[in-house]
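What follows is a short report on a single structure.
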Amino acid sequence: MPDLRLSPQDAERIAHHLLRRTRVPGALAYTLYRGHVWEGLASEEVRAERAGHVRDFALKSLGQVGHHTAVCYEGRMKVATRGRYRFFLTMNGGDLTVDGHSLAQQEPSDGRGVKSWEVELDLDSGWRPIRLTYFHTGHDPRFSLEMEGPGFPRGPLPESMLSVSPEPIAALEPFRVDPALAAQGREAFAMRGCAHCHDDLQLRSPAAPAWAGLRAGRGCLSEGVGRWPQYGLSPDQRAQITRALTIANHPETEPSRRIQKTLVTFHCIACHERSEVGGVVAERKGLFTGSEPGLGDAGRLPPTLDHVGAKLTSEGLRDVLLRGRRPRPYLDASMPQYGEAQVGHLVDLFARVDRLEAARVPAATDEALLRRVGHGLVGSEGFSCIACHLFNGQKTGEMGAVDLATVSHRLQKNWFHLYLREPARFNPTVIMPAYWPDGRSPRTDVLEGDAARQIEALWVYLADGERAKKPLGLSRQTRELRVGDVTEVCRGQSPVGYRGIAVGYPERIHLAFDSGEMALRMLWKGSFVSIDAGHFHPRGTDQIPLPRGIPFHRLESPEAAWPRKGKANHLFPQDHGYQFLGYHLDAQRRPTFRYRYEEVLVEDSFEDRLDPQGKPFFRRTMTFTAPAAGRPFEFRAAAGQQVTEVSGREFTVDSLRLRLVGDASARVRRGASGEVLIPLNPPAGRSTLTLDYQW
């Protein structure tokens, strides 16, 4: 089965759909929520985390229940005797409904303790619906539900009284194997030819007929019933198989046939068309949807594979076929991943088979000029390509077609020139206009109106990819913030803290700094961050977490814990002598963070560099300005589960390599996790500490 690249939510939705008619016995159905539950279940910051069946209302039955959790129970309880029942409920917030009557209701709060209720209700005998929502939040959260009534002393509701259904649900019984039937099935499995493909039972089936001996109208190719499989073939399918039998004894050596065979084998033609074969059939087109309706069918249907070998680069093909990249993220359809062994050969075959004539591509004698011209043509004062296309993840108009920043990585230059001259040639229904009809440019004031040079200018400009200068008129209508040719800085709540500062560097390495505790919190590579309403979240890969807590401290003893903020300590870290003083930017927009530790002013800056192998790393320079020599302290540079001292100046901390530049040295402190501590004693005046972070 191919990898459909389903998100956990999509996989769960499919499972629920397939099992929607399944009924299994259980005492109570529950749904557990996490997040800002003190705002109620309707809050956007609350998400359902898991659901299922549980045997009773005891929290321990759910396993570990963390703070800021809500649980919604639903089921029925069996009332043996008609009469008056009393319910005892303790919780921070929630509601209890029994037999349609609301017995207790309390809005949750994160700033108070628990509350208790004692309520009575007359109940008839039989199965009565019960629903309870409990919010596990506030001070010292506790929860209990007890009942007493006729013939039932006060106590929790036992599993025997609870059910998810008013009618009994038979428990699933294990399948019992009939040895006689199993022996007959084993024989039929071999005789029917199942073992030709399913060989794990190590049975032998009778030899299959030779391909050359197959005849139309006989066996499974006939409409008769016999000792052969019934495939329900249509007359057209039988005719196609009959034509295929004439070449079935000859292996597919011709590249175009190998391509077509692969596309048929893995059912690629169910979605893609190539050489007028395949594509989405009319009755299924309505099932394909997308998030960009302005693009028409191109915004919801998979693209054609005609000329794809002349269109995409080898890396572009591998990205889609083997790496799961999605250049058209607005398509809701998800392309399966079959793996290198099954479809990897298509990369070479497409390139060998698909050929287009050579476009007239002028020599780029002045790339700087062409880059400036291309920048102008893409923007709102040129051809306004950004009106329909994303650029580096940013969206200007109502449509967000394929990202222009990926053009040079995905597309071959020759195809780019041919396509821009005549888009309808490659897609008759394309909505992209022809800017150079009949090879003539409407912008005669640009590069003497030479269409080929203008297209080449676009290519040279877009070849800078994600580092390309933002075109004029580009506005931000996406949650992703990307880094171009200068450093980007954003601030807000984040996984690193309430006062996080994220910094994205052109070398595609990034960091997050917690200005609340004045400490480096995270390093990562690739994509920068997603932003939304005062929040940011790192997007990239190879994330390296740095330890929470203040960076500098004087340990009272070798075993003393490094200080961290307590829930009630609202003065931290100011009570340890810290004060944040903001930051300033250099010419490349790289920030230098300024903060004070006791009497020492710290200026903390990071520079993205490349090592001799061309791999990026951070060089961190901390400049200390002290009015006088003070007491020594230690800097906690990193912490992790696996800490190895390569030398007194070089360490590996899990996936991070930390190197001290200069005369400084460090030590490793062992414990629940390892810590790299650097002794510091800044003299009067200015001094520096330099470190390299590589991962």
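Ordering of the structure tokens sets the chain letters (A, B, ...); residue numbers start at 1 within each chain; ligands are numbered from 1 in the order shown.
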Set the distance at 9 Å and use only C-alpha atoms: which residues neighbour A:Glu603 once local chain neighbours fewer than 4 positions away are removed? I'd like the list as a PyMOL selection string.
chain A and resi 583+592-596+621-625
For the residues in the current selection, export all heavy atoms as an mmCIF file, in the first residue's frame.
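Dumped everything to out-v3.cif:
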data_model
loop_
_atom_site.group_PDB
_atom_site.id
_atom_site.type_symbol
_atom_site.label_atom_id
_atom_site.label_comp_id
_atom_site.auth_asym_id
_atom_site.auth_seq_id
_atom_site.Cartn_x
_atom_site.Cartn_y
_atom_site.Cartn_z
ATOM 1 N N TYR A 583 16.955 45.245 21.746
ATOM 2 C CA TYR A 583 17.965 44.830 20.772
ATOM 3 C C TYR A 583 18.079 45.894 19.687
ATOM 4 O O TYR A 583 17.191 46.729 19.499
ATOM 5 C CB TYR A 583 17.620 43.466 20.160
ATOM 6 C CG TYR A 583 16.316 43.406 19.418
ATOM 7 C CD1 TYR A 583 16.240 43.717 18.052
ATOM 8 C CD2 TYR A 583 15.146 43.005 20.060
ATOM 9 C CE1 TYR A 583 15.040 43.651 17.372
ATOM 10 C CE2 TYR A 583 13.939 42.932 19.385
ATOM 11 C CZ TYR A 583 13.886 43.259 18.036
ATOM 12 O OH TYR A 583 12.705 43.203 17.360
ATOM 13 N N THR A 592 21.216 42.299 17.783
ATOM 14 C CA THR A 592 22.082 42.107 18.939
ATOM 15 C C THR A 592 21.235 42.343 20.178
ATOM 16 O O THR A 592 20.719 43.447 20.397
ATOM 17 C CB THR A 592 23.270 43.082 18.925
ATOM 18 O OG1 THR A 592 24.113 42.799 17.806
ATOM 19 C CG2 THR A 592 24.091 42.951 20.203
ATOM 20 N N PHE A 593 21.036 41.294 20.970
ATOM 21 C CA PHE A 593 20.210 41.390 22.163
ATOM 22 C C PHE A 593 21.024 42.028 23.289
ATOM 23 O O PHE A 593 22.196 41.692 23.501
ATOM 24 C CB PHE A 593 19.713 40.004 22.586
ATOM 25 C CG PHE A 593 18.936 39.291 21.517
ATOM 26 C CD1 PHE A 593 19.506 38.238 20.814
ATOM 27 C CD2 PHE A 593 17.664 39.695 21.191
ATOM 28 C CE1 PHE A 593 18.793 37.580 19.824
ATOM 29 C CE2 PHE A 593 16.938 39.051 20.204
ATOM 30 C CZ PHE A 593 17.514 37.994 19.510
ATOM 31 N N ARG A 594 20.373 42.913 24.043
ATOM 32 C CA ARG A 594 21.033 43.626 25.139
ATOM 33 C C ARG A 594 20.264 43.342 26.430
ATOM 34 O O ARG A 594 19.050 43.503 26.488
ATOM 35 C CB ARG A 594 21.082 45.123 24.856
ATOM 36 C CG ARG A 594 21.794 45.468 23.566
ATOM 37 C CD ARG A 594 21.785 46.972 23.299
ATOM 38 N NE ARG A 594 22.654 47.687 24.229
ATOM 39 C CZ ARG A 594 22.232 48.485 25.197
ATOM 40 N NH1 ARG A 594 20.922 48.660 25.386
ATOM 41 N NH2 ARG A 594 23.083 49.105 25.990
ATOM 42 N N TYR A 595 20.989 42.888 27.428
ATOM 43 C CA TYR A 595 20.373 42.656 28.728
ATOM 44 C C TYR A 595 21.442 42.797 29.797
ATOM 45 O O TYR A 595 22.655 42.860 29.506
ATOM 46 C CB TYR A 595 19.690 41.287 28.795
ATOM 47 C CG TYR A 595 20.516 40.112 28.316
ATOM 48 C CD1 TYR A 595 21.241 39.322 29.210
ATOM 49 C CD2 TYR A 595 20.562 39.779 26.968
ATOM 50 C CE1 TYR A 595 21.979 38.237 28.781
ATOM 51 C CE2 TYR A 595 21.301 38.697 26.524
ATOM 52 C CZ TYR A 595 22.009 37.932 27.427
ATOM 53 O OH TYR A 595 22.754 36.870 26.993
ATOM 54 N N ARG A 596 20.984 42.866 31.032
ATOM 55 C CA ARG A 596 21.904 43.085 32.145
ATOM 56 C C ARG A 596 21.778 41.947 33.146
ATOM 57 O O ARG A 596 20.669 41.501 33.467
ATOM 58 C CB ARG A 596 21.585 44.415 32.832
ATOM 59 C CG ARG A 596 22.660 44.888 33.816
ATOM 60 C CD ARG A 596 22.266 46.224 34.424
ATOM 61 N NE ARG A 596 22.132 47.260 33.417
ATOM 62 C CZ ARG A 596 23.152 47.938 32.886
ATOM 63 N NH1 ARG A 596 24.389 47.655 33.256
ATOM 64 N NH2 ARG A 596 22.929 48.872 32.007
ATOM 65 N N THR A 621 28.521 35.680 19.616
ATOM 66 C CA THR A 621 29.481 36.531 20.318
ATOM 67 C C THR A 621 28.764 37.255 21.441
ATOM 68 O O THR A 621 27.799 37.998 21.206
ATOM 69 C CB THR A 621 30.124 37.558 19.370
ATOM 70 O OG1 THR A 621 30.769 36.870 18.293
ATOM 71 C CG2 THR A 621 31.147 38.402 20.112
ATOM 72 N N MET A 622 29.222 37.017 22.670
ATOM 73 C CA MET A 622 28.661 37.680 23.845
ATOM 74 C C MET A 622 29.701 38.666 24.369
ATOM 75 O O MET A 622 30.815 38.275 24.740
ATOM 76 C CB MET A 622 28.289 36.657 24.926
ATOM 77 C CG MET A 622 27.411 35.521 24.418
ATOM 78 S SD MET A 622 27.050 34.259 25.657
ATOM 79 C CE MET A 622 25.798 35.085 26.607
ATOM 80 N N THR A 623 29.338 39.934 24.372
ATOM 81 C CA THR A 623 30.234 40.988 24.840
ATOM 82 C C THR A 623 29.775 41.451 26.215
ATOM 83 O O THR A 623 28.610 41.831 26.388
ATOM 84 C CB THR A 623 30.242 42.168 23.861
ATOM 85 O OG1 THR A 623 30.654 41.708 22.574
ATOM 86 C CG2 THR A 623 31.201 43.253 24.339
ATOM 87 N N PHE A 624 30.695 41.387 27.192
ATOM 88 C CA PHE A 624 30.381 41.775 28.569
ATOM 89 C C PHE A 624 31.040 43.115 28.872
ATOM 90 O O PHE A 624 32.239 43.310 28.610
ATOM 91 C CB PHE A 624 30.887 40.729 29.560
ATOM 92 C CG PHE A 624 30.383 39.337 29.269
ATOM 93 C CD1 PHE A 624 31.163 38.432 28.564
ATOM 94 C CD2 PHE A 624 29.127 38.940 29.681
ATOM 95 C CE1 PHE A 624 30.716 37.150 28.287
ATOM 96 C CE2 PHE A 624 28.668 37.661 29.408
ATOM 97 C CZ PHE A 624 29.458 36.767 28.714
ATOM 98 N N THR A 625 30.272 44.032 29.425
ATOM 99 C CA THR A 625 30.811 45.322 29.867
ATOM 100 C C THR A 625 30.531 45.444 31.355
ATOM 101 O O THR A 625 29.368 45.533 31.775
ATOM 102 C CB THR A 625 30.166 46.485 29.105
ATOM 103 O OG1 THR A 625 30.365 46.302 27.700
ATOM 104 C CG2 THR A 625 30.791 47.804 29.529
#
Which residues come within 8 Å of stretch 479-492 of chain A, counting only C-alpha atoms, excluding same-chain residues fewer than 3 positions away, as a PyMOL selection string?
chain A and resi 392-394+466-470+498-506+508+527-532+534-536+588-590
Can you tell me, as a ChimeraX atom specification, what residues are no more than 12 Å from stretch 662-675 of chain A when counting only C-alpha atoms, ignoring any on the same chain fewer than 3 positions away?
/A:546-548,551,555,557-562,621,634-654,658-659,678-682,687-692
Using the selection just defined, write its residues with C-alpha atoms as an mmCIF file, in the first residue's frame.
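The resulting selection.cif:
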data_model
loop_
_atom_site.group_PDB
_atom_site.id
_atom_site.type_symbol
_atom_site.label_atom_id
_atom_site.label_comp_id
_atom_site.auth_asym_id
_atom_site.auth_seq_id
_atom_site.Cartn_x
_atom_site.Cartn_y
_atom_site.Cartn_z
ATOM 1 C CA LEU A 546 18.101 24.704 24.423
ATOM 2 C CA PRO A 547 17.468 24.482 28.193
ATOM 3 C CA ARG A 548 14.901 26.629 29.943
ATOM 4 C CA PRO A 551 21.751 31.778 31.177
ATOM 5 C CA LEU A 555 25.681 27.685 41.943
ATOM 6 C CA SER A 557 26.930 23.781 45.441
ATOM 7 C CA PRO A 558 28.000 21.429 42.636
ATOM 8 C CA GLU A 559 24.682 19.559 42.948
ATOM 9 C CA ALA A 560 22.423 22.615 43.156
ATOM 10 C CA ALA A 561 19.641 22.806 40.571
ATOM 11 C CA TRP A 562 19.804 25.489 37.917
ATOM 12 C CA THR A 621 29.481 36.531 20.318
ATOM 13 C CA GLU A 634 28.770 30.297 35.197
ATOM 14 C CA PHE A 635 27.108 30.331 31.811
ATOM 15 C CA ARG A 636 24.980 27.294 30.927
ATOM 16 C CA ALA A 637 25.639 26.983 27.198
ATOM 17 C CA ALA A 638 23.691 23.789 26.468
ATOM 18 C CA ALA A 639 22.043 20.781 28.089
ATOM 19 C CA GLY A 640 20.872 17.386 26.843
ATOM 20 C CA GLN A 641 20.617 13.674 27.471
ATOM 21 C CA GLN A 642 23.821 12.746 25.637
ATOM 22 C CA VAL A 643 26.686 15.146 26.402
ATOM 23 C CA THR A 644 30.195 14.241 25.276
ATOM 24 C CA GLU A 645 33.322 16.294 25.915
ATOM 25 C CA VAL A 646 35.436 16.113 22.772
ATOM 26 C CA SER A 647 37.943 18.536 24.302
ATOM 27 C CA GLY A 648 37.914 21.352 26.823
ATOM 28 C CA ARG A 649 36.584 23.605 24.066
ATOM 29 C CA GLU A 650 34.382 21.265 22.001
ATOM 30 C CA PHE A 651 31.315 19.276 23.039
ATOM 31 C CA THR A 652 28.488 17.308 21.473
ATOM 32 C CA VAL A 653 25.094 17.735 23.110
ATOM 33 C CA ASP A 654 22.631 15.287 21.534
ATOM 34 C CA LEU A 658 29.257 23.267 20.497
ATOM 35 C CA ARG A 659 32.722 24.792 20.101
ATOM 36 C CA ILE A 678 31.408 27.823 31.123
ATOM 37 C CA PRO A 679 33.041 29.612 34.099
ATOM 38 C CA LEU A 680 33.058 33.406 33.620
ATOM 39 C CA ASN A 681 34.647 36.256 35.557
ATOM 40 C CA PRO A 682 34.443 39.374 33.365
ATOM 41 C CA SER A 687 35.430 41.250 27.291
ATOM 42 C CA THR A 688 33.961 38.669 24.929
ATOM 43 C CA LEU A 689 32.949 35.027 24.747
ATOM 44 C CA THR A 690 32.600 33.394 21.312
ATOM 45 C CA LEU A 691 30.890 30.074 20.575
ATOM 46 C CA ASP A 692 30.000 28.138 17.437
#
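Pairwise distance (atom CA of A:Gly439, atom CA of A:Leu404) equals 22.2 Å.
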What's around A:Gly465 at 7 Å? Count only C-alpha atoms, leave out sequence neighbours fewer than 6 positions away in its own chain, and write the answer as a VMD selection string.
chain A and resid 405 to 406 408
Export, as a short mmCIF file (atom, residue, chain, number, x, y, z; two decimals), in the first residue's frame, the selected residues with C-alpha atoms.
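Generated output (selection.cif):
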data_model
loop_
_atom_site.label_atom_id
_atom_site.label_comp_id
_atom_site.auth_asym_id
_atom_site.auth_seq_id
_atom_site.Cartn_x
_atom_site.Cartn_y
_atom_site.Cartn_z
CA ALA A 405 10.18 31.18 -5.66
CA THR A 406 10.35 27.46 -6.54
CA SER A 408 14.14 27.51 -10.98
#
Give me, as an NGL selection string, the residues of stretch 149-397 of chain A that a backbone DSSP run labels strand (DSSP E or B).
:A and (149 or 152-155 or 162-163 or 273-274 or 277-278 or 290 or 312 or 331 or 337 or 389 or 391 or 394)
Residues at most 9 Å from A:Gly382, counting only C-alpha atoms, excluding those fewer than 6 positions away in the same chain, as a list of chain:residue names?
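Result of the neighbour search: A:Gly374, A:His375, A:Gly376, A:Arg443, A:Leu472.
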Mind dumping the selected residues with all heavy atoms as a PDB file, in the first residue's frame?
ATOM      1  N   GLY A 374      13.834  41.627 -14.061  1.00  0.00           N
ATOM      2  CA  GLY A 374      12.923  40.559 -13.666  1.00  0.00           C
ATOM      3  C   GLY A 374      12.162  40.897 -12.393  1.00  0.00           C
ATOM      4  O   GLY A 374      10.964  40.620 -12.273  1.00  0.00           O
ATOM      5  N   HIS A 375      12.859  41.521 -11.446  1.00  0.00           N
ATOM      6  CA  HIS A 375      12.214  41.952 -10.210  1.00  0.00           C
ATOM      7  C   HIS A 375      11.081  42.920 -10.509  1.00  0.00           C
ATOM      8  O   HIS A 375       9.989  42.844  -9.923  1.00  0.00           O
ATOM      9  CB  HIS A 375      13.256  42.591  -9.290  1.00  0.00           C
ATOM     10  CG  HIS A 375      12.673  43.254  -8.084  1.00  0.00           C
ATOM     11  ND1 HIS A 375      12.482  44.613  -7.997  1.00  0.00           N
ATOM     12  CD2 HIS A 375      12.216  42.730  -6.916  1.00  0.00           C
ATOM     13  CE1 HIS A 375      11.943  44.909  -6.827  1.00  0.00           C
ATOM     14  NE2 HIS A 375      11.775  43.789  -6.153  1.00  0.00           N
ATOM     15  N   GLY A 376      11.296  43.834 -11.449  1.00  0.00           N
ATOM     16  CA  GLY A 376      10.252  44.789 -11.796  1.00  0.00           C
ATOM     17  C   GLY A 376       9.094  44.156 -12.539  1.00  0.00           C
ATOM     18  O   GLY A 376       7.931  44.507 -12.310  1.00  0.00           O
ATOM     19  N   ARG A 443       5.548  45.451 -23.355  1.00  0.00           N
ATOM     20  CA  ARG A 443       6.417  46.400 -22.651  1.00  0.00           C
ATOM     21  C   ARG A 443       7.616  46.712 -23.521  1.00  0.00           C
ATOM     22  O   ARG A 443       8.710  46.186 -23.340  1.00  0.00           O
ATOM     23  CB  ARG A 443       6.841  45.819 -21.301  1.00  0.00           C
ATOM     24  CG  ARG A 443       5.718  45.644 -20.300  1.00  0.00           C
ATOM     25  CD  ARG A 443       5.116  46.996 -19.895  1.00  0.00           C
ATOM     26  NE  ARG A 443       6.111  47.876 -19.342  1.00  0.00           N
ATOM     27  CZ  ARG A 443       6.425  47.943 -18.044  1.00  0.00           C
ATOM     28  NH1 ARG A 443       5.784  47.171 -17.195  1.00  0.00           N
ATOM     29  NH2 ARG A 443       7.340  48.777 -17.618  1.00  0.00           N
ATOM     30  N   LEU A 472       7.645  44.311  -5.901  1.00  0.00           N
ATOM     31  CA  LEU A 472       6.822  45.438  -5.511  1.00  0.00           C
ATOM     32  C   LEU A 472       5.355  45.036  -5.509  1.00  0.00           C
ATOM     33  O   LEU A 472       4.872  44.388  -6.437  1.00  0.00           O
ATOM     34  CB  LEU A 472       7.028  46.601  -6.497  1.00  0.00           C
ATOM     35  CG  LEU A 472       6.357  47.928  -6.135  1.00  0.00           C
ATOM     36  CD1 LEU A 472       6.970  48.486  -4.863  1.00  0.00           C
ATOM     37  CD2 LEU A 472       6.506  48.924  -7.282  1.00  0.00           C
TER      38      LEU A 472
END
Shell around A:Gly151 at 12 Å using only C-alpha atoms, local window under 4 positions removed, as a PyMOL selection string
chain A and resi 79-85+147+155
Save out the residues we just selected, N, CA and C atoms, as a PDB file, in the first residue's frame.
ATOM      1  N   VAL A  79     -30.893   2.229  36.380  1.00  0.00           N
ATOM      2  CA  VAL A  79     -31.564   2.469  37.660  1.00  0.00           C
ATOM      3  C   VAL A  79     -32.404   1.234  37.975  1.00  0.00           C
ATOM      4  N   ALA A  80     -32.056   0.544  39.053  1.00  0.00           N
ATOM      5  CA  ALA A  80     -32.748  -0.713  39.384  1.00  0.00           C
ATOM      6  C   ALA A  80     -34.118  -0.466  40.009  1.00  0.00           C
ATOM      7  N   THR A  81     -34.228   0.577  40.832  1.00  0.00           N
ATOM      8  CA  THR A  81     -35.469   0.825  41.574  1.00  0.00           C
ATOM      9  C   THR A  81     -35.901   2.268  41.387  1.00  0.00           C
ATOM     10  N   ARG A  82     -37.170   2.456  41.082  1.00  0.00           N
ATOM     11  CA  ARG A  82     -37.701   3.807  40.933  1.00  0.00           C
ATOM     12  C   ARG A  82     -37.659   4.516  42.285  1.00  0.00           C
ATOM     13  N   GLY A  83     -37.247   5.792  42.276  1.00  0.00           N
ATOM     14  CA  GLY A  83     -37.189   6.533  43.524  1.00  0.00           C
ATOM     15  C   GLY A  83     -36.345   7.777  43.403  1.00  0.00           C
ATOM     16  N   ARG A  84     -36.037   8.376  44.563  1.00  0.00           N
ATOM     17  CA  ARG A  84     -35.255   9.620  44.618  1.00  0.00           C
ATOM     18  C   ARG A  84     -33.784   9.266  44.844  1.00  0.00           C
ATOM     19  N   TYR A  85     -32.936   9.850  44.002  1.00  0.00           N
ATOM     20  CA  TYR A  85     -31.494   9.601  44.071  1.00  0.00           C
ATOM     21  C   TYR A  85     -30.774  10.914  44.337  1.00  0.00           C
ATOM     22  N   MET A 147     -23.168   8.642  44.093  1.00  0.00           N
ATOM     23  CA  MET A 147     -24.629   8.609  44.082  1.00  0.00           C
ATOM     24  C   MET A 147     -25.119   7.711  45.216  1.00  0.00           C
ATOM     25  N   GLY A 155     -21.771   5.975  46.944  1.00  0.00           N
ATOM     26  CA  GLY A 155     -20.506   5.525  46.386  1.00  0.00           C
ATOM     27  C   GLY A 155     -20.437   5.835  44.903  1.00  0.00           C
TER      28      GLY A 155
END
A:Ala434 environment, 8 Å, only C-alpha atoms, sequence neighbours closer than 5 positions dropped, as a list in words
Leu420, Arg421, Glu422, Pro423 and Ala424 of chain A
Convert the current residue selection to file output with N, CA, C and O atoms, as a PDB file, in the first residue's frame.
ATOM      1  N   LEU A 420       6.092  30.365 -21.296  1.00  0.00           N
ATOM      2  CA  LEU A 420       5.702  31.762 -21.167  1.00  0.00           C
ATOM      3  C   LEU A 420       5.341  32.380 -22.509  1.00  0.00           C
ATOM      4  O   LEU A 420       4.500  33.281 -22.579  1.00  0.00           O
ATOM      5  N   ARG A 421       5.946  31.898 -23.567  1.00  0.00           N
ATOM      6  CA  ARG A 421       5.600  32.422 -24.895  1.00  0.00           C
ATOM      7  C   ARG A 421       4.203  31.975 -25.320  1.00  0.00           C
ATOM      8  O   ARG A 421       3.484  32.721 -25.983  1.00  0.00           O
ATOM      9  N   GLU A 422       3.790  30.758 -24.934  1.00  0.00           N
ATOM     10  CA  GLU A 422       2.514  30.221 -25.400  1.00  0.00           C
ATOM     11  C   GLU A 422       1.937  29.260 -24.356  1.00  0.00           C
ATOM     12  O   GLU A 422       1.973  28.044 -24.516  1.00  0.00           O
ATOM     13  N   PRO A 423       1.355  29.774 -23.272  1.00  0.00           N
ATOM     14  CA  PRO A 423       0.833  28.896 -22.218  1.00  0.00           C
ATOM     15  C   PRO A 423      -0.249  27.942 -22.702  1.00  0.00           C
ATOM     16  O   PRO A 423      -0.304  26.783 -22.273  1.00  0.00           O
ATOM     17  N   ALA A 424      -1.128  28.389 -23.602  1.00  0.00           N
ATOM     18  CA  ALA A 424      -2.236  27.550 -24.050  1.00  0.00           C
ATOM     19  C   ALA A 424      -1.761  26.332 -24.824  1.00  0.00           C
ATOM     20  O   ALA A 424      -2.496  25.352 -24.954  1.00  0.00           O
TER      21      ALA A 424
END
Which of A:Arg453, A:Lys525, A:His68, A:Arg410 sits closest to A:His510 [using only C-alpha atoms]
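Closest candidate: A:Lys525.
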Pick out the closest residue to A:Ser165 from this set: A:Gly582, A:Gly26, A:Pro302, A:Gly339. Count only C-alpha atoms.
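Looking at the shortest contact to A:Ser165, the residue is A:Gly26.
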Apply DSSP to the structure's backbone, then extract all residues of stretch 93-287 of chain A labelled helix (DSSP H, G or I) and return them as a ChimeraX atom specification.
/A:159-161,179-191,194-196,211-213,219-221,235-245,255-265,268-270,282-287
Restricting the calculation to only C-alpha atoms, which member of A:Gly94, A:Pro428, A:Pro471, A:Gly63 is positioned closest to A:Leu132?
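Counting only C-alpha atoms, the residue closest to A:Leu132 is A:Gly94.
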